[in-house]
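**Q** Take a look at work_38.pdb, PDB, C-alpha atoms:
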MODEL        1
ATOM      1  CA  MET A  13       0.000   0.000   0.000  1.00  0.00           C
ATOM      2  CA  ALA A  14       1.364   3.423  -0.962  1.00  0.00           C
ATOM      3  CA  ARG A  15       1.910   5.971   1.775  1.00  0.00           C
ATOM      4  CA  VAL A  16      -0.361   8.973   2.007  1.00  0.00           C
ATOM      5  CA  LYS A  17       1.266  12.249   1.071  1.00  0.00           C
ATOM      6  CA  ARG A  18      -0.517  15.188   2.706  1.00  0.00           C
ATOM      7  CA  GLY A  19       1.127  18.054   0.851  1.00  0.00           C
ATOM      8  CA  VAL A  20      -2.018  18.939  -1.076  1.00  0.00           C
ATOM      9  CA  VAL A  21      -4.171  19.146   2.073  1.00  0.00           C
ATOM     10  CA  SER A  22      -1.707  21.208   4.117  1.00  0.00           C
ATOM     11  CA  HIS A  23      -1.033  23.492   1.161  1.00  0.00           C
ATOM     12  CA  ALA A  24      -4.770  24.135   0.805  1.00  0.00           C
ATOM     13  CA  ARG A  25      -5.108  24.839   4.533  1.00  0.00           C
ATOM     14  CA  HIS A  26      -2.138  27.202   4.499  1.00  0.00           C
ATOM     15  CA  LYS A  27      -3.457  28.945   1.398  1.00  0.00           C
ATOM     16  CA  LYS A  28      -6.819  29.527   3.112  1.00  0.00           C
ATOM     17  CA  VAL A  29      -5.144  31.120   6.145  1.00  0.00           C
ATOM     18  CA  LEU A  30      -2.819  33.253   4.035  1.00  0.00           C
ATOM     19  CA  GLU A  31      -5.740  34.544   1.962  1.00  0.00           C
ATOM     20  CA  GLN A  32      -7.449  35.621   5.191  1.00  0.00           C
ATOM     21  CA  ALA A  33      -4.210  37.350   6.248  1.00  0.00           C
ATOM     22  CA  LYS A  34      -4.057  39.372   3.026  1.00  0.00           C
ATOM     23  CA  GLY A  35      -3.538  43.020   3.888  1.00  0.00           C
ATOM     24  CA  PHE A  36      -1.705  42.319   7.144  1.00  0.00           C
ATOM     25  CA  SER A  37       1.753  43.846   7.478  1.00  0.00           C
ATOM     26  CA  GLY A  38       5.152  42.238   7.913  1.00  0.00           C
ATOM     27  CA  ARG A  39       5.557  38.497   8.376  1.00  0.00           C
ATOM     28  CA  ARG A  40       1.931  38.242   9.500  1.00  0.00           C
ATOM     29  CA  LYS A  41       0.845  38.120   5.847  1.00  0.00           C
ATOM     30  CA  ASN A  42       3.219  35.481   4.458  1.00  0.00           C
ATOM     31  CA  THR A  43       4.545  33.235   7.240  1.00  0.00           C
ATOM     32  CA  ILE A  44       2.029  30.552   8.104  1.00  0.00           C
ATOM     33  CA  LYS A  45       2.801  30.376  11.830  1.00  0.00           C
ATOM     34  CA  THR A  46       2.445  34.091  12.471  1.00  0.00           C
ATOM     35  CA  ALA A  47      -0.371  34.458   9.931  1.00  0.00           C
ATOM     36  CA  LYS A  48      -2.429  31.767  11.669  1.00  0.00           C
ATOM     37  CA  ALA A  49      -2.048  33.499  15.042  1.00  0.00           C
ATOM     38  CA  ALA A  50      -2.901  36.875  13.504  1.00  0.00           C
ATOM     39  CA  VAL A  51      -5.974  35.518  11.685  1.00  0.00           C
ATOM     40  CA  ASP A  52      -7.222  33.817  14.860  1.00  0.00           C
ATOM     41  CA  ARG A  53      -6.828  37.024  16.836  1.00  0.00           C
ATOM     42  CA  ALA A  54      -8.491  39.057  14.083  1.00  0.00           C
ATOM     43  CA  GLY A  55     -11.434  36.662  14.211  1.00  0.00           C
ATOM     44  CA  GLN A  56     -11.754  37.160  17.973  1.00  0.00           C
ATOM     45  CA  TYR A  57     -11.738  40.927  17.562  1.00  0.00           C
ATOM     46  CA  ALA A  58     -14.294  40.724  14.756  1.00  0.00           C
ATOM     47  CA  TYR A  59     -16.612  38.529  16.855  1.00  0.00           C
ATOM     48  CA  ARG A  60     -16.320  40.841  19.867  1.00  0.00           C
ATOM     49  CA  ASP A  61     -16.705  44.040  17.877  1.00  0.00           C
ATOM     50  CA  ARG A  62     -19.821  42.898  16.031  1.00  0.00           C
ATOM     51  CA  ARG A  63     -21.514  43.225  19.415  1.00  0.00           C
ATOM     52  CA  THR A  64     -19.666  46.411  20.400  1.00  0.00           C
ATOM     53  CA  LYS A  65     -20.720  48.073  17.143  1.00  0.00           C
ATOM     54  CA  LYS A  66     -24.371  47.838  18.160  1.00  0.00           C
ATOM     55  CA  ARG A  67     -23.610  49.659  21.440  1.00  0.00           C
ATOM     56  CA  SER A  68     -21.534  52.317  19.687  1.00  0.00           C
ATOM     57  CA  PHE A  69     -24.224  53.118  17.161  1.00  0.00           C
ATOM     58  CA  ARG A  70     -26.926  53.303  19.826  1.00  0.00           C
ATOM     59  CA  ALA A  71     -24.751  55.783  21.761  1.00  0.00           C
ATOM     60  CA  LEU A  72     -24.268  57.850  18.586  1.00  0.00           C
ATOM     61  CA  TRP A  73     -28.035  57.902  17.910  1.00  0.00           C
ATOM     62  CA  ILE A  74     -28.709  59.013  21.489  1.00  0.00           C
ATOM     63  CA  GLN A  75     -26.161  61.847  21.187  1.00  0.00           C
ATOM     64  CA  ARG A  76     -27.787  63.067  17.977  1.00  0.00           C
ATOM     65  CA  ILE A  77     -31.279  62.932  19.481  1.00  0.00           C
ATOM     66  CA  ASN A  78     -30.033  64.735  22.606  1.00  0.00           C
ATOM     67  CA  ALA A  79     -28.482  67.527  20.523  1.00  0.00           C
ATOM     68  CA  ALA A  80     -31.677  67.999  18.505  1.00  0.00           C
ATOM     69  CA  ALA A  81     -33.899  67.773  21.598  1.00  0.00           C
ATOM     70  CA  ARG A  82     -31.871  70.455  23.405  1.00  0.00           C
ATOM     71  CA  LEU A  83     -32.485  72.819  20.483  1.00  0.00           C
ATOM     72  CA  GLU A  84     -36.189  72.280  21.186  1.00  0.00           C
ATOM     73  CA  GLY A  85     -35.751  72.902  24.914  1.00  0.00           C
ATOM     74  CA  PHE A  86     -35.750  69.292  26.186  1.00  0.00           C
ATOM     75  CA  THR A  87     -33.144  67.037  27.691  1.00  0.00           C
ATOM     76  CA  TYR A  88     -32.848  63.596  26.129  1.00  0.00           C
ATOM     77  CA  SER A  89     -34.626  61.870  29.013  1.00  0.00           C
ATOM     78  CA  GLN A  90     -37.474  64.399  29.034  1.00  0.00           C
ATOM     79  CA  PHE A  91     -37.853  63.986  25.283  1.00  0.00           C
ATOM     80  CA  VAL A  92     -37.977  60.177  25.431  1.00  0.00           C
ATOM     81  CA  HIS A  93     -40.468  60.327  28.317  1.00  0.00           C
ATOM     82  CA  GLY A  94     -42.599  62.712  26.273  1.00  0.00           C
ATOM     83  CA  LEU A  95     -42.469  60.363  23.272  1.00  0.00           C
ATOM     84  CA  ASP A  96     -43.746  57.569  25.497  1.00  0.00           C
ATOM     85  CA  LYS A  97     -46.562  59.738  26.908  1.00  0.00           C
ATOM     86  CA  ALA A  98     -47.523  60.931  23.422  1.00  0.00           C
ATOM     87  CA  GLY A  99     -47.731  57.340  22.200  1.00  0.00           C
ATOM     88  CA  ILE A 100     -45.091  57.885  19.518  1.00  0.00           C
ATOM     89  CA  ASP A 101     -43.352  54.567  18.951  1.00  0.00           C
ATOM     90  CA  ILE A 102     -40.238  55.358  16.916  1.00  0.00           C
ATOM     91  CA  ASP A 103     -36.826  53.807  17.436  1.00  0.00           C
ATOM     92  CA  ARG A 104     -33.658  55.759  18.135  1.00  0.00           C
ATOM     93  CA  LYS A 105     -32.039  54.969  14.782  1.00  0.00           C
ATOM     94  CA  VAL A 106     -34.897  56.465  12.769  1.00  0.00           C
ATOM     95  CA  LEU A 107     -35.343  59.351  15.216  1.00  0.00           C
ATOM     96  CA  SER A 108     -31.667  60.336  14.952  1.00  0.00           C
ATOM     97  CA  ASP A 109     -31.889  60.141  11.161  1.00  0.00           C
ATOM     98  CA  VAL A 110     -34.940  62.414  11.218  1.00  0.00           C
ATOM     99  CA  ALA A 111     -33.138  64.824  13.557  1.00  0.00           C
ATOM    100  CA  ALA A 112     -30.116  65.011  11.243  1.00  0.00           C
ATOM    101  CA  ALA A 113     -31.841  64.982   7.847  1.00  0.00           C
ATOM    102  CA  ASP A 114     -35.222  66.676   8.424  1.00  0.00           C
ATOM    103  CA  PRO A 115     -35.267  69.256  11.247  1.00  0.00           C
ATOM    104  CA  ALA A 116     -38.820  70.341  10.376  1.00  0.00           C
ATOM    105  CA  ALA A 117     -40.155  66.821  10.967  1.00  0.00           C
ATOM    106  CA  PHE A 118     -38.224  66.606  14.242  1.00  0.00           C
ATOM    107  CA  LYS A 119     -39.748  69.931  15.295  1.00  0.00           C
ATOM    108  CA  ALA A 120     -43.225  68.512  14.584  1.00  0.00           C
ATOM    109  CA  ILE A 121     -42.429  65.491  16.764  1.00  0.00           C
ATOM    110  CA  ALA A 122     -41.087  67.818  19.473  1.00  0.00           C
ATOM    111  CA  ASP A 123     -44.320  69.832  19.387  1.00  0.00           C
ATOM    112  CA  LYS A 124     -46.339  66.643  19.961  1.00  0.00           C
ATOM    113  CA  VAL A 125     -44.022  65.777  22.850  1.00  0.00           C
ATOM    114  CA  ARG A 126     -44.489  69.280  24.289  1.00  0.00           C
ATOM    115  CA  THR A 127     -48.291  68.940  24.238  1.00  0.00           C
ATOM    116  CA  ALA A 128     -48.094  65.451  25.797  1.00  0.00           C
ATOM    117  CA  LEU A 129     -45.917  66.724  28.656  1.00  0.00           C
ATOM    118  CA  ALA A 130     -48.004  69.851  29.297  1.00  0.00           C
TER     119      ALA A 130
ENDMDL
END
Spit out the file's structure as structure tokens when you get a sec.

**A**
Amino acid sequence: MARVKRGVVSHARHKKVLEQAKGFSGRRKNTIKTAKAAVDRAGQYAYRDRRTKKRSFRALWIQRINAAARLEGFTYSQFVHGLDKAGIDIDRKVLSDVAAADPAAFKAIADKVRTALA
């Protein structure tokens, strides 16, 4: 029985890792040992930061809403409380987009909040 030569399999595995390491600098892009460690670590960061990205964007939306609400004479918490009392069910992503892109529409929402709080 002929012996099994595994060069094809290991070459394919190495090629896969090195393709994932494309764009890395130094030996991390072309030496399999360092590239494998770098790719593994990059995967861990990517996994972690997919969750962190959601938090970061929510914080950004809240900052934008707060800035627009303060122009209307509210704090962020007062504004969100007023939205709840007015029965306006709009998420922070859309609300921040409205605040940035269409100030007149945000002013109309703020007027409804003002009447709900009064």

**Q** Expanded to explicit residues, what is the PyMOL selection byres ((chain A and resi 39-49) around 12) for this file, as an NGL selection string?

**A** :A and (22-38 or 50-56)

**Q** Give me, as an MDAnalysis selection string, all polymer residues having an atom no more than 12 Å from Leu129 of chain A, counting only C-alpha atoms and skipping those fewer than 5 positions away in the same chain.

**A** chainID A and resid 86 90:99 122:124

**Q** Go through A:Val125, A:Ala113, A:Lys119, A:Arg67 one by one, measure the shortest atom-to-atom distance of each to Ser89 of chain A using all atoms listed in the file, and give the residue with the smallest value.

**A**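 Nearest candidate to Ser89 of chain A out of A:Val125, A:Ala113, A:Lys119, A:Arg67: A:Val125.
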
**Q** Would you compute the distance between atom CA of Arg76 of chain A and atom CA of Asp114 of chain A? Give it in Å to one decimal.

**A**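 So the two atoms, atom CA of Arg76 of chain A and atom CA of Asp114 of chain A, lie 12.6 Å apart.
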
**Q** Just the number, please: distance in Å from atom CA of Tyr59 of chain A to atom CA of Ser108 of chain A, one decimal.

**A** 26.6 Å

**Q** Given all atoms listed in the file as the basis, pick out the residue of A:Ala81, A:Lys17, A:Ile121, A:Arg62 nearest to Asp101 of chain A.

**A** A:Ile121

**Q** Counting all atoms listed in the file, which residue out of A:Ala79, A:Ile100, A:Arg15, A:Ala128 sits closest to Ala112 of chain A?

**A**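 Result for the nearest residue to Ala112 of chain A: A:Ala79.
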
**Q** Between atom CA of Thr64 of chain A and atom CA of Asn78 of chain A, what distance in Å does the model show, to one decimal?

**A** 21.2 Å

**Q** Pick out the closest residue to Leu107 of chain A from this set: A:Ile77, A:Met13, A:Thr87, A:Val20. Count all atoms listed in the file.

**A**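 Under the stated criterion, the closest residue is A:Ile77.
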
**Q** List the neighbours of Arg70 of chain A out to 8 Å using all atoms listed in the file; skip same-chain residues closer than 3 positions along the sequence, and give me the result as a tab-separated table (two decimals) with C-alpha atoms, in the coordinates of the input.

**A**
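Generated output (part.tsv):
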chain	number	residue	atom	x	y	z
A	66	LYS	CA	-24.37	47.84	18.16
A	67	ARG	CA	-23.61	49.66	21.44
A	73	TRP	CA	-28.04	57.90	17.91
A	74	ILE	CA	-28.71	59.01	21.49
A	104	ARG	CA	-33.66	55.76	18.14
A	105	LYS	CA	-32.04	54.97	14.78
